[in-house]
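Asker: Quick one, target.tsv (TSV, C-alpha atoms):
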```
chain	number	residue	atom	x	y	z
A	161	MET	CA	5.63	13.65	112.42
A	162	SER	CA	7.51	13.54	115.73
A	163	HIS	CA	5.93	13.06	119.13
A	164	TYR	CA	4.64	16.45	120.25
A	165	LEU	CA	2.83	15.47	123.45
A	166	ILE	CA	4.25	12.69	125.62
A	167	LEU	CA	2.40	11.23	128.60
A	168	ASP	CA	4.89	8.99	130.35
A	169	GLN	CA	3.80	6.67	133.19
A	170	LEU	CA	1.17	9.27	134.15
A	171	THR	CA	-0.44	8.44	137.49
A	172	LYS	CA	-3.07	10.15	139.64
A	173	THR	CA	-3.79	9.20	143.26
A	174	TYR	CA	-6.40	10.72	145.57
A	175	PRO	CA	-6.30	10.34	149.37
A	176	THR	CA	-9.41	8.92	151.03
A	177	PRO	CA	-10.28	7.98	154.64
A	178	GLU	CA	-9.80	4.32	153.64
A	179	GLY	CA	-6.42	5.02	152.07
A	180	PRO	CA	-5.12	6.30	148.72
A	181	VAL	CA	-7.11	5.49	145.58
A	182	ILE	CA	-5.26	5.29	142.25
A	183	ILE	CA	-7.52	6.66	139.52
A	184	VAL	CA	-5.02	6.46	136.64
A	185	ARG	CA	-1.86	4.34	136.72
A	186	ASP	CA	1.04	4.28	134.24
A	187	PHE	CA	-0.90	6.01	131.48
A	188	ASN	CA	1.35	6.15	128.40
A	189	LEU	CA	0.49	8.03	125.22
A	190	ARG	CA	2.37	9.71	122.37
A	191	ILE	CA	0.62	12.28	120.18
A	192	ARG	CA	2.12	13.63	116.98
A	193	LYS	CA	2.09	17.32	116.11
A	194	GLY	CA	-1.12	18.27	114.31
A	195	GLU	CA	-2.88	15.06	115.33
A	196	PHE	CA	-6.48	14.95	116.62
A	197	VAL	CA	-6.85	12.28	119.30
A	198	CYS	CA	-9.98	11.33	121.24
A	199	LEU	CA	-10.10	9.64	124.66
A	200	ILE	CA	-13.10	7.36	125.12
A	201	GLY	CA	-14.22	5.10	127.93
A	202	HIS	CA	-16.94	4.54	130.52
A	203	SER	CA	-17.91	7.24	133.02
A	204	GLY	CA	-15.50	7.40	135.92
A	205	CYS	CA	-12.59	5.75	134.11
A	206	GLY	CA	-10.39	8.83	134.40
A	207	LYS	CA	-10.66	10.46	130.96
A	208	SER	CA	-11.25	13.97	132.31
A	209	THR	CA	-8.61	13.37	134.98
A	210	VAL	CA	-6.01	12.76	132.27
A	211	LEU	CA	-7.14	15.84	130.36
A	212	SER	CA	-7.10	18.06	133.46
A	213	MET	CA	-3.56	16.92	134.25
A	214	VAL	CA	-2.43	17.83	130.73
A	215	ALA	CA	-4.17	21.21	131.16
A	216	GLY	CA	-2.27	21.75	134.42
A	217	LEU	CA	-5.50	22.05	136.40
A	218	ASN	CA	-4.87	18.85	138.35
A	219	ASP	CA	-1.51	17.92	139.89
A	220	ILE	CA	0.05	14.66	138.74
A	221	SER	CA	0.99	12.03	141.31
A	222	GLY	CA	3.59	10.31	139.17
A	223	GLY	CA	5.10	10.27	135.71
A	224	ALA	CA	5.60	13.24	133.40
A	225	ILE	CA	3.89	15.32	130.71
A	226	ILE	CA	6.08	16.78	127.96
A	227	LEU	CA	4.73	19.22	125.37
A	228	ALA	CA	6.94	20.38	122.50
A	229	GLY	CA	10.02	19.17	124.34
A	230	LYS	CA	9.21	20.93	127.61
A	231	GLU	CA	7.93	19.28	130.77
A	232	LEU	CA	4.64	20.81	131.87
A	233	VAL	CA	4.15	22.15	135.37
A	234	GLY	CA	0.84	23.93	136.05
A	235	PRO	CA	-1.52	25.64	133.58
A	236	GLY	CA	-0.45	27.97	130.82
A	237	PRO	CA	-1.61	29.76	127.65
A	238	ASP	CA	0.18	27.14	125.54
A	239	ARG	CA	-2.91	24.96	126.12
A	240	GLY	CA	-6.35	26.16	125.09
A	241	VAL	CA	-9.15	24.39	126.99
A	242	VAL	CA	-12.79	24.00	125.95
A	243	PHE	CA	-14.97	22.67	128.78
A	244	GLN	CA	-18.36	20.98	128.67
A	245	SER	CA	-19.81	24.22	129.99
A	246	PRO	CA	-18.53	27.32	128.17
A	247	CYS	CA	-17.87	29.19	131.48
A	248	LEU	CA	-18.53	32.67	130.13
A	249	LEU	CA	-18.61	35.76	132.35
A	250	PRO	CA	-22.25	36.89	132.18
A	251	TRP	CA	-21.52	40.64	132.39
A	252	LEU	CA	-19.21	40.57	129.35
A	253	THR	CA	-20.13	40.34	125.68
A	254	ALA	CA	-19.06	37.42	123.50
A	255	SER	CA	-16.21	39.52	122.13
A	256	GLU	CA	-15.11	40.63	125.60
A	257	ASN	CA	-15.11	37.02	126.83
A	258	VAL	CA	-12.80	36.05	123.97
A	259	MET	CA	-10.64	39.13	124.65
A	260	LEU	CA	-9.91	37.98	128.22
A	261	GLY	CA	-7.31	35.48	127.10
A	262	ILE	CA	-6.12	37.54	124.15
A	263	ASN	CA	-5.25	40.45	126.45
A	264	GLN	CA	-3.05	38.14	128.53
A	265	VAL	CA	-1.29	36.38	125.67
A	266	PHE	CA	-0.94	39.22	123.16
A	267	PHE	CA	-0.41	42.07	125.62
A	268	ARG	CA	2.24	43.64	123.37
A	269	ALA	CA	-0.26	44.05	120.51
A	270	SER	CA	-2.35	47.19	120.15
A	271	LYS	CA	-5.93	47.21	121.38
A	272	ARG	CA	-7.20	47.26	117.81
A	273	GLU	CA	-5.04	44.27	116.87
A	274	ARG	CA	-6.37	42.31	119.83
A	275	GLU	CA	-9.95	43.21	118.90
A	276	GLN	CA	-9.30	42.01	115.36
A	277	ILE	CA	-8.14	38.62	116.66
A	278	ALA	CA	-11.37	38.23	118.63
A	279	GLU	CA	-13.49	39.35	115.67
A	280	PHE	CA	-11.70	36.93	113.35
A	281	TYR	CA	-12.34	33.83	115.46
A	282	LEU	CA	-15.90	34.81	116.28
A	283	ASN	CA	-16.52	35.21	112.54
A	284	VAL	CA	-14.97	31.81	111.86
A	285	VAL	CA	-17.33	30.09	114.34
A	286	GLY	CA	-20.32	31.96	112.87
A	287	LEU	CA	-20.85	34.58	115.59
A	288	GLY	CA	-19.67	37.71	113.79
A	289	ASP	CA	-23.12	39.32	114.06
A	290	SER	CA	-23.51	38.30	117.72
A	291	ARG	CA	-20.18	39.41	119.12
A	292	HIS	CA	-21.75	42.28	121.09
A	293	ARG	CA	-24.34	40.05	122.79
A	294	LYS	CA	-23.99	38.89	126.38
A	295	PRO	CA	-24.28	35.19	127.31
A	296	ALA	CA	-27.90	35.55	128.45
A	297	GLU	CA	-28.77	36.50	124.85
A	298	LEU	CA	-27.03	33.45	123.35
A	299	SER	CA	-28.24	29.89	122.91
A	300	ALA	CA	-26.30	26.98	124.42
A	301	GLY	CA	-24.71	26.22	121.06
A	302	MET	CA	-23.72	29.86	120.54
A	303	LYS	CA	-22.13	29.98	123.99
A	304	GLN	CA	-20.06	26.92	123.17
A	305	ARG	CA	-18.97	28.56	119.93
A	306	VAL	CA	-17.65	31.45	122.03
A	307	GLY	CA	-15.73	28.95	124.14
A	308	ILE	CA	-14.20	27.35	121.04
A	309	ALA	CA	-13.30	30.77	119.59
A	310	ARG	CA	-11.70	31.76	122.91
A	311	ALA	CA	-9.50	28.65	122.95
A	312	PHE	CA	-8.33	29.02	119.34
A	313	ALA	CA	-7.75	32.78	119.71
A	314	LEU	CA	-4.90	32.10	122.17
A	315	SER	CA	-2.97	30.39	119.34
A	316	PRO	CA	-2.04	27.56	121.74
A	317	LYS	CA	0.36	24.72	121.09
A	318	MET	CA	-2.28	22.25	122.24
A	319	LEU	CA	-6.08	22.20	122.17
A	320	LEU	CA	-7.83	20.31	124.99
A	321	LEU	CA	-11.56	19.59	124.80
A	322	ASP	CA	-13.53	18.02	127.66
A	323	GLU	CA	-16.81	16.75	126.17
A	324	PRO	CA	-17.53	20.18	124.67
A	325	PHE	CA	-20.75	19.04	122.96
A	326	GLY	CA	-22.09	16.73	125.65
A	327	MET	CA	-24.82	19.11	126.85
A	328	LEU	CA	-26.14	20.02	123.40
A	329	ASP	CA	-28.98	18.58	121.33
A	330	SER	CA	-28.05	16.29	118.44
A	331	LEU	CA	-28.51	18.83	115.63
A	332	THR	CA	-26.47	21.52	117.39
A	333	ARG	CA	-23.82	18.95	118.29
A	334	PHE	CA	-23.45	17.87	114.65
A	335	GLU	CA	-23.17	21.50	113.53
A	336	LEU	CA	-20.49	22.30	116.10
A	337	GLN	CA	-18.51	19.15	115.35
A	338	GLN	CA	-18.27	20.29	111.74
A	339	ALA	CA	-17.45	23.87	112.81
A	340	LEU	CA	-14.70	22.54	115.08
A	341	LEU	CA	-13.18	20.47	112.27
A	342	ASP	CA	-13.31	23.39	109.84
A	343	LEU	CA	-11.58	25.65	112.36
A	344	TRP	CA	-9.03	23.00	113.36
A	345	ARG	CA	-8.14	22.37	109.71
A	346	ARG	CA	-6.85	25.95	109.29
A	347	ASP	CA	-3.66	25.30	111.28
A	348	GLN	CA	-4.15	21.73	112.59
A	349	LYS	CA	-3.63	22.38	116.27
A	350	THR	CA	-2.59	19.26	118.14
A	351	ALA	CA	-5.83	18.25	119.87
A	352	LEU	CA	-6.83	15.91	122.68
A	353	MET	CA	-10.55	15.49	123.28
A	354	VAL	CA	-12.60	13.55	125.84
A	355	THR	CA	-15.88	12.09	124.60
A	356	HIS	CA	-18.44	9.38	125.40
A	357	ASP	CA	-19.76	9.41	121.84
A	358	VAL	CA	-18.43	6.68	119.53
A	359	ASP	CA	-19.67	8.39	116.35
A	360	GLU	CA	-18.24	11.74	117.44
A	361	ALA	CA	-14.84	10.15	118.05
A	362	LEU	CA	-14.87	8.47	114.63
A	363	PHE	CA	-15.85	11.68	112.85
A	364	LEU	CA	-13.21	13.89	114.48
A	365	SER	CA	-10.20	11.70	115.26
A	366	ASP	CA	-7.01	10.54	113.66
A	367	ARG	CA	-6.74	8.04	116.53
A	368	ILE	CA	-9.06	6.95	119.32
A	369	VAL	CA	-7.55	5.97	122.66
A	370	MET	CA	-9.74	3.55	124.60
A	371	MET	CA	-9.33	3.57	128.37
A	372	THR	CA	-9.81	0.64	130.69
A	373	ASN	CA	-12.16	1.04	133.64
A	374	GLY	CA	-10.86	2.62	136.81
A	375	PRO	CA	-9.58	2.52	139.38
A	376	GLU	CA	-6.01	2.25	138.05
A	377	ALA	CA	-7.17	2.96	134.51
A	378	CYS	CA	-4.71	2.92	131.64
A	379	VAL	CA	-4.67	2.75	127.85
A	380	GLY	CA	-6.56	-0.37	126.79
A	381	ASP	CA	-6.41	-0.07	123.01
A	382	ILE	CA	-5.75	2.50	120.28
A	383	LEU	CA	-7.73	2.64	117.05
A	384	GLU	CA	-6.38	4.29	113.90
A	385	VAL	CA	-9.02	6.29	112.00
A	386	ASP	CA	-7.93	6.74	108.39
A	387	PHE	CA	-10.87	8.58	106.85
A	388	PRO	CA	-9.56	11.21	104.42
A	389	ARG	CA	-9.66	14.89	105.35
A	390	PRO	CA	-11.38	17.29	104.99
A	391	ARG	CA	-14.29	15.34	106.43
A	392	HIS	CA	-18.03	15.66	106.03
A	393	ARG	CA	-20.42	13.47	107.98
A	394	PRO	CA	-22.32	11.78	105.09
A	395	GLU	CA	-19.04	10.79	103.40
A	396	VAL	CA	-17.53	9.46	106.63
A	397	MET	CA	-20.62	7.39	107.49
A	398	ALA	CA	-20.73	5.99	103.95
A	399	HIS	CA	-17.09	4.89	104.11
A	400	PRO	CA	-16.67	1.09	103.72
A	401	ILE	CA	-14.83	0.66	107.04
A	402	TYR	CA	-16.95	3.02	109.18
A	403	TYR	CA	-19.14	0.37	110.79
A	404	ARG	CA	-16.25	-2.04	111.23
A	405	LEU	CA	-14.39	0.61	113.26
A	406	ARG	CA	-17.59	1.45	115.14
A	407	GLU	CA	-18.13	-2.20	116.07
A	408	HIS	CA	-14.53	-2.43	117.30
A	409	LEU	CA	-15.09	0.52	119.67
A	410	ILE	CA	-18.43	-0.76	120.93
A	411	ALA	CA	-17.02	-4.26	121.51
A	412	PHE	CA	-14.20	-2.79	123.63
A	413	LEU	CA	-16.62	-0.69	125.67
A	414	GLU	CA	-18.98	-3.63	126.20
A	415	LYS	CA	-16.07	-5.76	127.38
A	416	GLN	CA	-15.10	-3.03	129.87
A	417	ALA	CA	-18.66	-2.55	131.15
A	418	ARG	CA	-19.19	-3.39	134.81
A	419	PRO	CA	-21.97	-5.90	135.63
A	420	THR	CA	-24.16	-3.02	136.82
A	421	ASP	CA	-23.61	-1.19	133.53
A	422	ARG	CA	-24.84	-4.07	131.40
A	423	ALA	CA	-28.44	-4.52	130.36
A	424	PRO	CA	-30.23	-7.38	132.17
A	425	ALA	CA	-30.28	-10.72	130.39
A	426	PRO	CA	-33.53	-11.47	128.54
A	427	GLN	CA	-35.96	-13.64	130.48
A	428	SER	CA	-37.90	-16.61	129.25
A	429	PRO	CA	-41.73	-16.41	129.23
A	430	ALA	CA	-41.83	-18.72	132.27
A	431	GLU	CA	-39.39	-16.48	134.19
A	432	ARG	CA	-41.37	-13.36	133.30
A	433	GLU	CA	-44.60	-15.01	134.51
A	434	ALA	CA	-42.95	-16.15	137.76
A	435	ASN	CA	-41.59	-12.66	138.41
A	436	ARG	CA	-44.95	-11.10	137.58
A	437	THR	CA	-46.72	-13.42	140.04
A	438	ALA	CA	-44.12	-13.01	142.78
A	439	ASP	CA	-43.80	-9.25	142.46
A	440	PRO	CA	-46.88	-7.80	140.79
A	441	LEU	CA	-46.80	-4.29	139.40
A	442	PRO	CA	-48.56	-1.62	141.50
A	443	LEU	CA	-52.13	-0.90	140.55
A	444	THR	CA	-52.93	2.22	138.58
A	445	ALA	CA	-55.37	4.80	139.98
A	446	GLU	CA	-58.10	3.48	137.70
A	447	GLU	CA	-57.49	-0.09	138.89
A	448	TRP	CA	-57.68	1.00	142.54
A	449	GLN	CA	-61.02	2.72	141.87
A	450	LEU	CA	-62.35	-0.40	140.17
A	451	ALA	CA	-61.12	-2.63	143.02
A	452	GLU	CA	-62.76	-0.42	145.67
A	453	ALA	CA	-66.05	-0.49	143.74
A	454	VAL	CA	-66.22	-4.30	143.87
A	455	PRO	CA	-67.18	-5.63	147.34
A	456	PRO	CA	-65.03	-8.45	148.74
A	457	PRO	CA	-66.48	-12.00	148.46
```
Output the file's structure in the form of structure tokens.
Answerer:
Amino acid sequence: MSHYLILDQLTKTYPTPEGPVIIVRDFNLRIRKGEFVCLIGHSGCGKSTVLSMVAGLNDISGGAIILAGKELVGPGPDRGVVFQSPCLLPWLTASENVMLGINQVFFRASKREREQIAEFYLNVVGLGDSRHRKPAELSAGMKQRVGIARAFALSPKMLLLDEPFGMLDSLTRFELQQALLDLWRRDQKTALMVTHDVDEALFLSDRIVMMTNGPEACVGDILEVDFPRPRHRPEVMAHPIYYRLREHLIAFLEKQARPTDRAPAPQSPAEREANRTADPLPLTAEEWQLAEAVPPP
């Protein structure tokens, strides 16, 4: 497979009163057509900044982004974006929210044809019976399914996902990860996804791109994930190399952790006793009552 998305020397600088701050510097990445790639790193390292630049929602300060042989300038329907929050219009039904993009991209199609596209993708994500409901009538997971259906319905060249499951409970997150993979497998859209979750990245990805800490973040390491597809969670987690890959990711993230991000070093019993004596814990309400009931000597 040839390189479909090219990020070449990508740089992002923000002005501040103290001078310019470089968030991402010389970020280089090549993604093959049909590949699913995850970006992972600590909070604030610039993962979402990279994704927003690819989406055209954030201007680049240097370098270039090339998709399917064409340099990208600004947003466009060739990139479908799924955000952490589904961003649905509350006065529209699930079907009407999906139709918003379809009407712009497939404006030459008949109304019925456009409706059929929306119905198809809502059925695929399991919302066929809920397509006439408004967002207030949908759970958080159902709203995110609408967001995923909306992105795929545009038939984009590239799928961009910014922590789409980060606000969901574990069970719903697992269900939607599998739904995303099942939908992606139909035509294998080239996908770039931001995540904090090591297990999520391993389950979804062909490759995992690990970012160094910002400022001036760049690609620190790239991990190949060779689990066979189609994937199902129990089979992936039972794979002989799963925990070796997981340990590799965690070791990289621990190495990148700032001193304030790391857990405090364990204390010896003597140190704990000294700290307890020097800085006693505040009394509970019951202890205050007991202390007040005992007269001073």
Asker: Could you check how far CA of Gln348 in chain A sits from CA of Gly194 in chain A, in Å to one decimal?
Answerer: 4.9 Å
Asker: Scan for residues within 12 Å of the point (-12.2, 35.6, 115.0) in the coordinates of the file, using all atoms listed in the file, and reply as a VMD selection string.
Answerer: chain A and resid 254 to 255 258 to 259 262 273 to 291 305 to 315 343
Asker: Can you pull out every residue within 8 Å of range 176-191 of chain A, counting only C-alpha atoms, but drop anything in the same chain fewer than 3 positions away, and send it as a PyMOL selection string?
Answerer: chain A and resi 163-173+195+197+205-206+209-210+223+350+374-379
Asker: Could you please determine the separation between CA of Arg389 in chain A and CA of Gly326 in chain A in Å, to one decimal place?
Answerer: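 The value is 23.9 Å.
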Asker: Determine the nearest neighbour of Lys303 in chain A from the options A:Asn218, A:Ser270, A:Thr372, A:Thr332, counting only C-alpha atoms.
Answerer: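 Of A:Asn218, A:Ser270, A:Thr372, A:Thr332, the one nearest Lys303 in chain A is A:Thr332, counting only C-alpha atoms.
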Asker: So that I can see what lies close to Arg333 in chain A, please list as a PDB file with C-alpha atoms, in the coordinates of the input the residues with an atom at most 10 Å from it, counting only C-alpha atoms and leaving out residues fewer than 6 positions away in the same chain.
Answerer:
```pdb
ATOM      1  CA  GLY A 301     -24.710  26.220 121.060  1.00  0.00           C
ATOM      2  CA  PRO A 324     -17.530  20.180 124.670  1.00  0.00           C
ATOM      3  CA  PHE A 325     -20.750  19.040 122.960  1.00  0.00           C
ATOM      4  CA  GLY A 326     -22.090  16.730 125.650  1.00  0.00           C
ATOM      5  CA  MET A 327     -24.820  19.110 126.850  1.00  0.00           C
ATOM      6  CA  ALA A 339     -17.450  23.870 112.810  1.00  0.00           C
ATOM      7  CA  GLU A 360     -18.240  11.740 117.440  1.00  0.00           C
TER       8      GLU A 360
END
```
Asker: Give me the residues within 10 Å of Leu217 in chain A as a count of residues only, counting all atoms listed in the file and dropping any in the same chain fewer than 2 places off.
Answerer: 12
